[in-house]
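**Q** I am attaching a structure below and will ask some questions about it afterwards.
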Amino acid sequence: MSRRYGLVAAAMVAWATAGTVVGMPGAAPGLVAVGAVIVAAIVLVDACAERVGRQGRPARLASLVGHARVVSRRDVSLAMVIALAASCAVAGVIAVRAEGRHPEVLQHWASGSRPLTADVTVTSLSSPVDRPAEAEWSDSSAVPSVRFRAQVSRLQLGRDQRSAEFPVLVFAPDVAETGGPPLGSVVRVTGRWQLAEVGDRVSALVFSDERPASISPAPDALGWAHGLRRSFVGVASVLPGWGGQLLPGLSIGDTSAVGVDLDAAMTASSLSHLTAVSGANCAIVVAIGFAIGAAMGLRRSMRIGLAVLLLVAFVVLVTPESSVIRASVMACAVLVALASGRPAAGLAVLCTVVVALLIADPWLSRDYGFALSVLATAGLLVLTRPLTDLLARVAPRPIAAAFALPLAAQLACQPVLVLLDPTLAVYGVVANLLAGPAAPAATILGLVACLLSAVNPLLALPIAAVAWIPAAWIAQVAAWFENAPAARLPLPPGLAGVLLTTLVLVLGGGLALAMRAQRPLLSRVLATGSVAVLGIAAGTIAPVAVRDASAPPGEWAVASCDVGQGDATVLRDGPHFGLIDVGDDEQRLTRCLTRLGVTRLDLLVLTHFDSDHVGAYPAVVGRVSEVLVGPTDGPADERIVDALSGGGAIVRQVRAGENGRLGETTEWNVLWPPVRGEIEPGNDASVVLETRRSFGATGDGVASAALSAVFLGDLGADAQNRLRRTRLVPADVDVVKVAHHGSKDQSSLVYERLRPTLGLVSVGKNDYGHPSPSILKTLERIGARVRRTDRDGIIAVGRPALSPSAASTGRALLEVWTSGAAPSVGGGG
């Protein structure tokens with residue numbers, strides 16, 4: 001058996017062990033013991049067989065890519081021993097380190113209400129927490145705006161101090177003028193602590209209301225990189241548009257300047273990997289090192305040494321993220337192989353690096369960045385040549401090779417990508433084909449500009465301006481394909497999507513290898529299996545794809561999602577989206593947001609904390625910039641708030657009178673709960689929002705108009721009457737989200753004041769009698785049309801327009817679209 005296949009087995013077993021055992025560390029000692037016994041048994045059996053001379057007859061293992069290989073029992077035994085040894089090593093590390101990652105003092109102190117102080121060493125760059133440009137701080141000292149990973153060295157509660165070592169993720173107030181605490185510096189943070197789940201890469205989340213206090217600066221070996229990064233980001237900031245935002249990410253992996261819209265475009269077009277430093281960047285640095293060494297006339301060993309030094313400096317500059325660690329360690333392994341005069345087998349080197357890194361840090365096994373980096377590299381190593389040969393049957397070989405590179409990486413990564421987003425980027429390969437050639441130019445020129453910025457920013461600016469050209473091209477490609485028709489193909493979410501994409505990948509890869517090896521029988525078998533699986537997938541996905549192809553037309557502004565017996569309403573202003581409540585069905589919410597083209601939320605409003613309004617919050621964690629909430633009631637509500645904060649959102653508790661903007665043309669105002677007086681959390685404390693979106697005039701003679709809407713949460717009749725007496729309730733609005741799924745606990749006086757053109761009822765199958773006949777009669781009496789999600793599915797409302805037939809009532813006709821019916825025009829009365 002080829003040694004590289006034994007290493008592949010070792011990497012897979014080590015990864016499976018790490019991913020499982022970090023979530024149940026108590027099983028680690030037992031696993032080590034069982035593994036050691038099995039290894040000893042295998043060695044003993046082989047020794048006995050060797051003594052009696054019974055090696056057995058070697059078997060021939062058919063290969064898809066070459067001649068049959070002779071496989072002896074010793075080969076199999078050696079592969080098993082290596083895999084089990086790797087598994088035991090990973091489990092042993094977990095057994096030793098797991099208790100230290102969750103010390104008893106942390107569990108005891110973090111569960112209290114008093115703020116906890118810690119001295120921490122910063123282990124990552126500070127990332128700004130996303131927020132809309134128009135958002136204003138109500139209290140800038142109390143809102144977290146940057147986050148960074150750190151290693152705790154000391155804990156303090158009051159006067160009690162304890163030593164401890166474990167990783168945390170810190171959220172702290174804005175320190176944008178310094179770019180956050182430098183990597184390697186020691187700072188003191190004080191705030192609320194939330195324990196992370198067992199198996200997470202960090203032990204706790206820290207939410208600080210104070211800026212981190214510096215205790216000691218970063219070591220000189222790391223400190224130089226912080227100033228260099230900041231100077232280069234400053235140079236790039238004067239360059240226009242998305243190209244200027246993207247350049248630091250392409251060059252040194254610094255995405256702090258990447259805005260929400262650009263990030264969404266890069267993700268939708270499968271180009272976000274270009275801003276994650278990986279093997280390509282390391283290869284460029286190594287090539288630069290060899291080129292400099294050759295120009296200086298150095299011999300090979302000295303060239304390799306120079307390349308290693310440059311690579312280490314580059315890793316310090318870009319910070320040791322998981323993908324950077326994997327790429328740099330693999331590059332060093334290849335360099336060592338070159339120095340020894342032995343050709344390096346890429347797959348064997350990759351697997352060796354994976355095992356080594358998992359032994360050093362088993363918690364990497366659950367890191368998406370690490371997984372995508374490894375899978376992309378494996379795809380390039382294993383699938384590129386077979387795919388090139390396959391595509392070369394229908395296209396010239398250079399074109400086939402160009403398509404094969406991004407296709408191989410995307411195919412290998414898709415089983416993991418489907419967990420992050422259950423869709424397939426239809427144009428991902430083409431987008432990478434167009435953008436890929438520009439990335440090396442932007443990287444190399446950007447690195448030169450970065451180094452020059454340390455000398456004088458004016459020297460760096462001309463080079464950065466040239467590097468801006470390929471960066472702007474990549475950003476433009478992302479924008480094109482984000483808005484292309486049918487850009488995303490829906491896939492089954494969760495485990496079903498992983499299994500489907502993995503099966504398709506295995507069968508397709510096997511078919512490509514079999515065709516390349518000219519094995520007709522195996523090719524026919526795999527082709528039949530591939531057709532069968534694709535047929536099943538098409539039968540599952542096609543109805544969803546056809547349904548999703550029917551999207552809300554025109555400039556829709558409000559859409560009620562069909563999430564069953566719950567609330568989830570989307571606001572839209574061009575590329576900007578808001579969401580009022582999330583329902584309690586994550587899959588339904590995700591399908592609705594995907595269908596409406598929502599990848600990122602500028603604003604999330606949680607009217608109150610009943611499960612049918614907040615239960616699906618995990619589906620939007622990490623995708624939200626700003627969150628508005630009403631009064632919270634206990635630890636369960638606080639956990640939701642902390643999770644959204646942990647995902648990078650700014651969370652604010654709001655009262656009547658607060659206002660803001662979504663995008664350029666949508667204004668929002670909070671009408672309830674009241675500013676004065678305490679109000680019990682629950683239905684009657686629901687955040688009531690009024691919105692108004694202005695539409696510009698069109699070229700076909702339709703005058704400019706505005707769409708007004710009020711969203712009543714779950715207010716009951718008493719609270720609705722109290723709201724009416726505040727005199728904040730507007731008159732004659734276009735849309736009202738009917739309170740509490742259309743329950744009978746309503747005030748007809750409020751609806752008579754609002755006099756909506758359209759009443760939206762978010763409701764599902766229920767035993768409560770929702771919507772009640774009384775509210776339906778009230779809406780009919782005041783001349784409002786009713787749409788309900790249990791019958792109409794998703795309901796989207798677009799541009800209002802006056803017509804001669806509506807002039808007598810003064811009501812606008814509303815463009816109303818439902819997912820269960822053709823687009824229609826509905827109005828009042």
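Ordering of the structure tokens sets the chain letters (A, B, ...); residue numbers start at 1 within each chain; ligands are numbered from 1 in the order shown.
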Name all residues at most 10 Å from Trp224 (chain A) (count only C-alpha atoms; drop same-chain ones fewer than 6 positions away) and give them as a ChimeraX atom specification.
**A** /A:182,218,316-317,454
**Q** Go ahead and save the residues from that selection, with N, CA, C and O atoms, as a compact mmCIF listing (two decimals), in the first residue's frame.
**A**
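Heads up, here's the output in part37.txt:
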```txt
# COMPACT_ATOMS: atom_id res chain seq x y z
N PRO A 182 -2.50 45.33 20.04
CA PRO A 182 -1.60 44.64 19.12
C PRO A 182 -1.47 43.15 19.46
O PRO A 182 -1.58 42.75 20.62
N ALA A 218 3.49 44.52 22.94
CA ALA A 218 3.84 43.30 22.22
C ALA A 218 5.35 43.16 22.14
O ALA A 218 6.08 44.16 22.09
N VAL A 316 3.87 36.29 10.67
CA VAL A 316 3.74 37.27 11.75
C VAL A 316 2.95 38.48 11.27
O VAL A 316 2.08 39.00 11.99
N LEU A 317 3.20 38.91 10.05
CA LEU A 317 2.51 40.08 9.51
C LEU A 317 1.02 39.84 9.37
O LEU A 317 0.21 40.70 9.72
N ALA A 454 5.95 51.42 5.63
CA ALA A 454 6.70 51.56 6.88
C ALA A 454 7.78 52.63 6.76
O ALA A 454 8.15 53.25 7.75
```
**Q** Would you pick out the contacts of Ala731 (chain A) at 12 Å or less, using only C-alpha atoms, so that residues sharing its chain but fewer than 6 positions from it are not included, and give the list as JSON, numbers by chain?
**A** {"A": [690, 708, 709, 710, 724, 749, 750, 751, 752, 753, 754, 755, 756, 757]}
**Q** So that I can check the secondary structure, give me every residue of region 157-264 of chain A assigned alpha helix (DSSP H) by backbone DSSP, as a ChimeraX atom specification.
**A** /A:220-237,241-252,260-264
**Q** Between CA of Phe314 (chain A) and CA of Ala18 (chain A), what is the spacing in Å?
**A** 28.7 Å
**Q** So which one's closest to Arg572 (chain A), A:Trp473, A:Trp468, A:Phe695, A:Phe609? Using only C-alpha atoms, please.
**A**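 Closest to Arg572 (chain A) of all the choices is A:Phe695.
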**Q** Select, from A:Leu715, A:Ala784, A:Val189, A:Leu205, the residue with the minimum atom-to-atom distance to Pro681 (chain A), counting only C-alpha atoms.
**A**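 Closest candidate: A:Leu715.
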**Q** Identify, with DSSP run on backbone atoms, the residues in region 522-710 of chain A assigned to strand (DSSP E), and express the list as a ChimeraX atom specification.
**A** /A:558-560,569-573,576-580,601-606,624-629,650-653,659-662,666-672,688-695,705-710
**Q** When distances are computed from only C-alpha atoms, which of A:Ala348, A:Val670, A:Asp584, A:Thr267 shows the smallest separation from Tyr427 (chain A)?
**A** A:Thr267
**Q** What's around Gln151 (chain A) at 10 Å? Count only C-alpha atoms, leave out sequence neighbours fewer than 4 positions away in its own chain, and write the answer as a ChimeraX atom specification.
**A** /A:118-124,164-169,184,186,202-203
